[in-house]
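Undergrad: This structure is in structure tokens; I'll ask about it shortly.
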Amino acid sequence: MRVPAIEIQGVRKAFRRREREAGAPWWRRGWKDKVALHELDLVVEQGGVTGILGPNGSGKSTLIRILGTLLTPDAGAARVFGWDVLTEALEVRRHVNRVSVEAAFFKELSPWENMVYAARLYGGAGNGTRRRVVEILIQLGLARDVIDQPMKQLSRGQQQKVAIARSFLTAPSLLLMDEPTTGLDPRSKKEVQSVLETLRAERHITVLLCTHDMDEAAALCERVLMMDGGHVLADGSPAELCRAHGGATLEDVFMRLTGKTLETEEEPVEVST
Amino acid sequence: MTVDLRRSDLSALLGFAERQLYVYKRYWVWEVVWLFYSIVSVLSIGFLASGLDTIGAGGAGFDLHRAQLYLLIGALLWGYLSLVFMEAAYAIAWERWEGTIEYTFMAPVRRVTHLMGICLFAIGYGLARTFIVLLAAIAIFDIDFSHANIAGALFVLLASIAPLIGLAILTSVLPLLSPQKGEQMSFAVQGFMLLVSGVYYPLTVLPAPLQVAGAISPLTYALAGMRSSLLEGAGVGEQLPTAGLLLAMGIVLVPAGIAVFGWAERRAKRLGLLKRSG
């Protein structure tokens, strides 16, 4: 039996922030907990694209960060391919990569310089690295001359493609995609989605895709979890969810479950120190 | 397995150094500006010694060359140390500003490798830049190295790398503890070390509590050792106790720095402070 790609048991996460009661003097502020994830249980088998749908503040990014060893859960356990994210973080990191809503690059450096940095961190840089980088970028539809331009001169769509290319370079077994198409123009969005379809078809990789784009989730994901307020409200294939909740689209299902659309509150704000 | 680990550690060390080189290449105008600033700062300190004599503050037995070299050693070494501290502090603050901190912290790199990569590059770069500033100072001032023992001075400089790495790691913790104020706090720590480590004056001129702080600063011994080699000609053999003390401080400070950084990283992950908007 294969080890699940993701196994989460009773994971809970809250962020503390200082707040002032209405009418209280400016210096009197108390600590308050904002719960981002309530006792979450989840198993994702290896392979395929699993979507997490939810508005801002639903706990999607918190979940991604816990799996990426960037946040510590307050309670419960999370394992990636059997490795615990807390006690075996280095093993988890060897098998995971992340593409986030903001392409995390050194903006003054070129795609090549950013990618060779990534390759060195993941121990994969060598004589053929530049050839591999060029191959991957061309495969993703980027022009060859883009490789040596500063990242800040690239469009957001191009930057996201470079982010995906960078993740290919490190050959992760689990790819965490945190709203990779948010804020992109329609053409760039289509291009990135097309890359994801290729990824699903050609590579044996498990993808966890966080999005609040219902159409994107319906088109790309075999399985969808709907989240709101740190809870999982529904879990199944897009067709199963529509059938079970009597909606024509995932948007209908989400509205029936929550009574609201996906344009809602902000992500929890972490503590300021 | 061990060989693989060493290879991946070396690859990551090279990755951090190479990344910094790329960054400096892109920001080369800034580097030229900083170099100019370093040169004029050191020259100002050299002229301060000349000024002391001119305004009559030097006294009858005033030795201009000795005073100039004394102050220049302090200025050069402080320029080098402050650059290393700044680079280490920026390792976190600057990555948060760029938005790459989570990517770097998600990479399968041991934190000790990450921190060593940043510190070793900063030390190498700091030494190279200080050498250029030294050449400028030699060109301007009539510096007398006839009594100097260069091998002894280099020996102390080499021994000071260990505690310097420890202090640099401890400095880099501050922006991890506080995303908004950490960078400024690292400047405050630097300022305090400048005050108590005998950079421009002997510790004996300080009030007693500050002398105690100076006595536990490794920079005090690095500066005293360098001065005794460059001014009095102390050789490698005579510098053995100083080098031993510096290494002993390094043996304490490096693991302590890594342990404190580990604690700060766990805290940042618990509170969600790694994120750029933290």
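Residues are referred to by chain and number: the chain letter is A, B, ... according to the order shown in the structure tokens, the number counts from 1 in that chain, and ligands are numbered separately from 1 in the order shown.
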Identify, with DSSP run on backbone atoms, the residues in stretch 46-204 of chain A assigned to strand (DSSP E), and express the list as a PyMOL selection string.
TA: chain A and resi 48-53+75-80+83-84+96-99+174-178
Undergrad: Compile the residues of chain A that lie within 8 Å of chain B, evaluated using only C-alpha atoms, and express the compilation as an MDAnalysis selection string.
TA: chainID A and resid 15:16 68:74 90:91 93:94 97:98 102 104:109 113:114 116:118 120:123 125 269:273
Undergrad: For the atom pair atom CA of B:Val133 and atom CA of B:Val196, what is the interatomic distance in Å to one decimal place?
TA: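 Separation of atom CA of B:Val133 and atom CA of B:Val196: 23.8 Å.
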Undergrad: For atom CA of B:Val254 and atom CA of B:Val212, determine how far apart the two atoms are, in Å to one decimal place.
TA: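 It comes out at 21.5 Å.
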Undergrad: Out of stretch 111-237 of chain B, which residues get alpha helix (DSSP H) from DSSP, as a PyMOL selection string?
TA: chain B and resi 111-140+150-159+161-177+182-196+208-215+218-232
Undergrad: If you measure from atom CA of A:Glu45 to atom CA of A:Gln193, what distance in Å do you get, rounded to one decimal?
TA: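 Atom-to-atom, atom CA of A:Glu45 to atom CA of A:Gln193, that is 22.1 Å.
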Undergrad: Please list as a compact mmCIF listing (two decimals) with all heavy atoms, in the first residue's frame every residue within 10 Å of B:Leu240, counting only C-alpha atoms and excluding residues in the same chain fewer than 5 positions away.
TA:
# COMPACT_ATOMS: atom_id res chain seq x y z
N GLY B 152 51.30 38.11 12.23
CA GLY B 152 50.61 38.10 13.52
C GLY B 152 49.22 38.72 13.40
O GLY B 152 48.24 38.18 13.94
N PHE B 155 46.95 36.39 11.56
CA PHE B 155 46.62 35.26 12.43
C PHE B 155 45.44 35.62 13.34
O PHE B 155 44.49 34.85 13.49
CB PHE B 155 47.86 34.89 13.24
CG PHE B 155 47.69 33.71 14.14
CD1 PHE B 155 47.29 32.47 13.63
CD2 PHE B 155 47.94 33.80 15.51
CE1 PHE B 155 47.14 31.38 14.46
CE2 PHE B 155 47.79 32.72 16.34
CZ PHE B 155 47.39 31.50 15.81
N VAL B 156 45.48 36.82 13.91
CA VAL B 156 44.39 37.27 14.78
C VAL B 156 43.11 37.44 13.96
O VAL B 156 42.01 37.05 14.38
CB VAL B 156 44.76 38.59 15.49
CG1 VAL B 156 43.57 39.15 16.26
CG2 VAL B 156 45.92 38.36 16.44
N ALA B 159 41.62 34.11 13.35
CA ALA B 159 41.00 33.55 14.57
C ALA B 159 39.70 34.26 14.91
O ALA B 159 38.80 33.68 15.51
CB ALA B 159 41.98 33.65 15.73
N GLY B 225 44.51 42.53 19.59
CA GLY B 225 45.49 41.66 18.97
C GLY B 225 46.05 42.27 17.69
O GLY B 225 47.27 42.28 17.46
N GLY B 235 54.28 38.84 17.11
CA GLY B 235 54.24 37.78 16.10
C GLY B 235 53.18 36.73 16.39
O GLY B 235 52.45 36.81 17.39
N LEU B 245 41.79 32.57 22.83
CA LEU B 245 40.61 33.17 23.46
C LEU B 245 39.50 33.42 22.41
O LEU B 245 38.33 33.13 22.65
CB LEU B 245 41.01 34.49 24.12
CG LEU B 245 39.94 35.19 24.95
CD1 LEU B 245 39.48 34.32 26.11
CD2 LEU B 245 40.47 36.52 25.49
N LEU B 246 39.91 33.93 21.25
CA LEU B 246 38.93 34.20 20.19
C LEU B 246 38.28 32.89 19.73
O LEU B 246 37.06 32.83 19.52
CB LEU B 246 39.59 34.91 19.01
CG LEU B 246 39.94 36.38 19.23
CD1 LEU B 246 40.85 36.91 18.12
CD2 LEU B 246 38.67 37.23 19.29
Undergrad: Please list as a short mmCIF file (atom, residue, chain, number, x, y, z; two decimals) with C-alpha atoms, in the first residue's frame every residue within 8 Å of stretch 155-160 of chain A, counting only C-alpha atoms and excluding residues in the same chain fewer than 5 positions away.
TA:
data_model
loop_
_atom_site.label_atom_id
_atom_site.label_comp_id
_atom_site.auth_asym_id
_atom_site.auth_seq_id
_atom_site.Cartn_x
_atom_site.Cartn_y
_atom_site.Cartn_z
CA VAL A 99 4.15 28.12 -6.23
CA ALA A 103 6.00 34.71 -7.32
CA LEU A 142 8.46 31.35 -22.55
CA PRO A 180 -1.18 30.54 -8.89
CA THR A 181 -3.57 32.34 -11.24
CA LEU A 184 -3.37 37.34 -13.73
CA ASP A 185 -4.91 38.75 -16.87
CA SER A 188 -1.87 34.62 -18.66
CA LYS A 189 -4.41 32.77 -16.55
CA GLU A 191 -1.61 29.88 -20.15
CA VAL A 192 -0.87 28.93 -16.54
#
Undergrad: Just want the 9 Å neighbourhood of A:Leu233, counted on only C-alpha atoms, with same-chain residues fewer than 3 positions away dropped. Output as a PyMOL selection string.
TA: chain A and resi 225-228+254+257-258
Undergrad: Can you work out which one of A:Gly47, A:Ala75, A:Lys190, A:Met151 has the shortest atom-to-atom distance to A:Pro4, counting only C-alpha atoms?
TA: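 Comparing A:Gly47, A:Ala75, A:Lys190, A:Met151 against A:Pro4, the winner is A:Gly47.
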Undergrad: Do you know which residues are at most 12 Å from A:Glu222 counting only C-alpha atoms, after dropping those on the same chain fewer than 4 positions away, and could you put them as an NGL selection string?
TA: :A and (44-45 or 47-52 or 197 or 200 or 206-209 or 216-218 or 235-241)
Undergrad: Neighbouring residues of B:Pro255 were defined as those with any atom within 12 Å, considering only C-alpha atoms; residues of the same chain fewer than 6 positions away were excluded. Please report them as an MDAnalysis selection string.
TA: chainID B and resid 111:112 115:116 162:163 165:167 169:170 248:249 261:262
Undergrad: With C-alpha atoms kept, could you save the residues just selected as a JSON list (two decimals), in the first residue's frame?
TA:
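What landed in out-v4.json:
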[["chain", "number", "residue", "atom", "x", "y", "z"],
["B", 111, "ARG", "CA", 19.79, 26.07, 8.81],
["B", 112, "VAL", "CA", 23.41, 25.84, 9.89],
["B", 115, "LEU", "CA", 23.64, 30.69, 8.05],
["B", 116, "MET", "CA", 27.22, 29.63, 7.35],
["B", 162, "ALA", "CA", 34.83, 32.11, 14.48],
["B", 163, "PRO", "CA", 33.35, 34.49, 17.10],
["B", 165, "ILE", "CA", 30.23, 34.20, 12.70],
["B", 166, "GLY", "CA", 28.58, 33.57, 16.07],
["B", 167, "LEU", "CA", 27.88, 37.29, 16.59],
["B", 169, "ILE", "CA", 24.18, 34.80, 13.46],
["B", 170, "LEU", "CA", 22.97, 36.33, 16.73],
["B", 248, "ALA", "CA", 37.13, 29.67, 22.55],
["B", 249, "MET", "CA", 34.60, 32.50, 22.19],
["B", 261, "PHE", "CA", 18.32, 31.21, 15.65],
["B", 262, "GLY", "CA", 16.60, 27.80, 15.84]]
